[in-house]
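A short write-up of the structure that comes next.
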Amino acid sequence: MIHVDVHSLTQPVGILRLMAAILTCVCFSLVASAGYVPSPYWAWCMFTWCFCFFFTLLILILEFTTFSAKLPFAWDDFTTAFAMLASLMCLAACVIYPTFFTCAVCYRQIGASVVSCVCCGLYVGEVTLNRLRPSGQIRGFLSTPPGMMKMLETFLACLIFTSLEESQYGHSPELQWCVAVYSLCFILAMLVILITVGQLTSLLPFFDKMVIVYDILAAVMYLTAMLIWPLFSFRNNRRPANCGYLCSWDKLVMVTLMTILNFCVYVLDSVYSIRLVLSVSAE
């Protein structure tokens with residue numbers, strides 16, 4: 001039977017979630033009222049605030065009705081992971097939106113940027129409160145360093161996809177390989193996250209070793225993309241003189257930077273996972 005748990009809304013984490021739900025709603029309302037902008041970065045920011053609002057509200061409802069206790073996965077692990085992801089997404093929106101879409105007299109856009117920064121702080125506060133719980137109260141893959149790096153890998157891949165345009169890579173098999181690397185690694189990372197959140201690892205006896213093999217292969221594939229993408233993207237392709245904000249050339253730079261960052265994350269993920277398995281085997 002489902003009961004109502006008022007304490008879930010009055011405890012510190014619940015208050016932070018309530019404030020985050022309200023402020024993310026304020027963000028996308030302000031931006032929507034300012035008008036649509038035909039840009040993938042504008043769409044990313046709007047998706048960020050709508051996504052965070054929807055899932056924060058869903059978490060509040062599920063905990064208030066105590067329905068969360070009946071779900072077949074580690075609820076605390078899921079909410080902690082979501083707060084980490086929301087922190088990253090709001091941080092990206094805090095940088096992207098004011099950089100490209102605000103001006104000295106764009107008061108609604110400035111207001112949305114400021115509120116987005118506050119939302120980022122609220123989600124960081126939620127993560128901090130969750131991490132300050134006594135050891136053992138949060139158990140799950142997504143609350144561990146490999147799990148957090150998996151979420152970071154998928155997040156950076158999303159930023160890459162936001163910056164991609166078919167005109168950038170459609171003419172080049174080498175650049176198409178890079179897009180294939182981004183897509184394949186993103187799909188497999190999401191698959192790892194879903195399997196662990198769904199607590200299906202017991203069905204795969206060598207899951208940990210499979211993840212290590214995947215991490216190493218992904219790092220090698222990203223290494224090739226890190227070398228190939230700038231080489232074939234910028235060869236005989238200088239920045240146009242009339243290139244303002246959000247031109248295609250700048251998006252090539254964004255993809256390059258996100259590729260380098262994701263390569264570093266995959267390398268760290270591989271090293272950490274190998275050390276973890278070796279330490280367990282030594283015991």
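Here's how to read the names in the structure tokens: chain A, B, ... by the order shown, residue numbers from 1 in each chain, ligand numbers from 1 in the order shown.
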> When DSSP works through the backbone of this structure, what residues of region 105-237 of chain A end up as alpha helix (DSSP H), shown as JSON, numbers by chain?
Replying inline: {"A": [107, 108, 109, 110, 111, 112, 113, 114, 115, 116, 117, 118, 119, 120, 121, 122, 123, 124, 125, 126, 127, 128, 129, 130, 131, 145, 146, 147, 148, 149, 150, 151, 152, 153, 154, 155, 156, 157, 158, 159, 160, 161, 162, 163, 166, 167, 168, 169, 173, 174, 175, 176, 177, 178, 179, 180, 181, 182, 183, 184, 185, 186, 187, 188, 189, 190, 191, 192, 193, 194, 195, 196, 197, 207, 208, 209, 210, 211, 212, 213, 214, 215, 216, 217, 218, 219, 220, 221, 222, 223, 224, 225, 226, 227, 228, 229, 230, 231, 232, 233]}
Taking a cut-off of 9 Å and counting only C-alpha atoms, can you build a table that, for each residue of region 79-190 of chain A near region 206-223 of chain A, reports the nearest atom pair and how far apart they are in Å (one decimal), sorted by chain then residue number, as a tab-separated table?
residue	atom	partner	partner_atom	distance
A:Cys178	CA	A:Tyr222	CA	8.0
A:Val181	CA	A:Met221	CA	6.3
A:Tyr182	CA	A:Tyr222	CA	7.8
A:Leu184	CA	A:Ala218	CA	8.8
A:Cys185	CA	A:Ala218	CA	6.2
A:Leu188	CA	A:Tyr214	CA	8.1
A:Ala189	CA	A:Tyr214	CA	8.8
> Between A:Ala21, A:Val265, A:Val197, A:Ala157, which one has atoms that come closest to Val115 (chain A), using only C-alpha atoms?
Replying inline: A:Ala21
>> Would you pick out the contacts of Ser143 (chain A) at 10 Å or less, using only C-alpha atoms, so that residues sharing its chain but fewer than 2 positions from it are not included, and give the list as an NGL selection string?
In response: :A and (76-81 or 84 or 127 or 130-131 or 138-141 or 145-149)
For the residues in the current selection, export N, CA and C atoms as a short mmCIF file (atom, residue, chain, number, x, y, z; two decimals), in the first residue's frame.
data_model
loop_
_atom_site.label_atom_id
_atom_site.label_comp_id
_atom_site.auth_asym_id
_atom_site.auth_seq_id
_atom_site.Cartn_x
_atom_site.Cartn_y
_atom_site.Cartn_z
N ASP A 76 18.28 5.27 -4.24
CA ASP A 76 19.24 6.28 -3.80
C ASP A 76 20.37 6.45 -4.80
N ASP A 77 20.80 5.35 -5.39
CA ASP A 77 21.84 5.42 -6.41
C ASP A 77 21.36 6.20 -7.63
N PHE A 78 20.11 5.95 -8.02
CA PHE A 78 19.53 6.64 -9.17
C PHE A 78 19.41 8.15 -8.92
N THR A 79 18.88 8.53 -7.75
CA THR A 79 18.68 9.95 -7.47
C THR A 79 20.02 10.69 -7.34
N THR A 80 21.01 10.03 -6.76
CA THR A 80 22.33 10.65 -6.67
C THR A 80 22.93 10.84 -8.05
N ALA A 81 22.78 9.81 -8.90
CA ALA A 81 23.30 9.90 -10.26
C ALA A 81 22.59 11.00 -11.05
N MET A 84 23.91 14.38 -10.06
CA MET A 84 25.21 14.64 -10.68
C MET A 84 25.05 15.04 -12.14
N VAL A 127 23.93 16.72 -4.40
CA VAL A 127 24.99 15.72 -4.50
C VAL A 127 25.84 15.71 -3.23
N ASN A 130 24.03 14.08 -0.35
CA ASN A 130 23.99 12.63 -0.54
C ASN A 130 25.33 11.98 -0.25
N ARG A 131 26.41 12.65 -0.66
CA ARG A 131 27.74 12.09 -0.42
C ARG A 131 28.16 12.17 1.04
N ILE A 138 24.46 4.62 0.64
CA ILE A 138 24.26 4.67 -0.80
C ILE A 138 25.13 3.61 -1.44
N ARG A 139 24.53 2.63 -2.04
CA ARG A 139 25.25 1.56 -2.69
C ARG A 139 24.76 1.45 -4.12
N GLY A 140 25.70 1.47 -5.04
CA GLY A 140 25.31 1.35 -6.43
C GLY A 140 26.43 1.80 -7.33
N PHE A 141 26.39 1.31 -8.56
CA PHE A 141 27.45 1.59 -9.52
C PHE A 141 27.58 3.07 -9.83
N PRO A 145 33.20 6.06 -8.52
CA PRO A 145 33.94 6.81 -9.55
C PRO A 145 33.76 6.26 -10.97
N PRO A 146 33.79 4.92 -11.21
CA PRO A 146 33.53 4.45 -12.59
C PRO A 146 32.14 4.83 -13.08
N GLY A 147 31.15 4.76 -12.19
CA GLY A 147 29.80 5.14 -12.59
C GLY A 147 29.69 6.61 -12.93
N MET A 148 30.33 7.45 -12.12
CA MET A 148 30.31 8.89 -12.40
C MET A 148 31.02 9.22 -13.70
N MET A 149 32.11 8.48 -13.98
CA MET A 149 32.82 8.71 -15.24
C MET A 149 31.99 8.25 -16.43
#
> When you draw a straight line from CA of Thr196 (chain A) to CA of Phe263 (chain A), how long is it in Å?
Replying inline: 22.5 Å
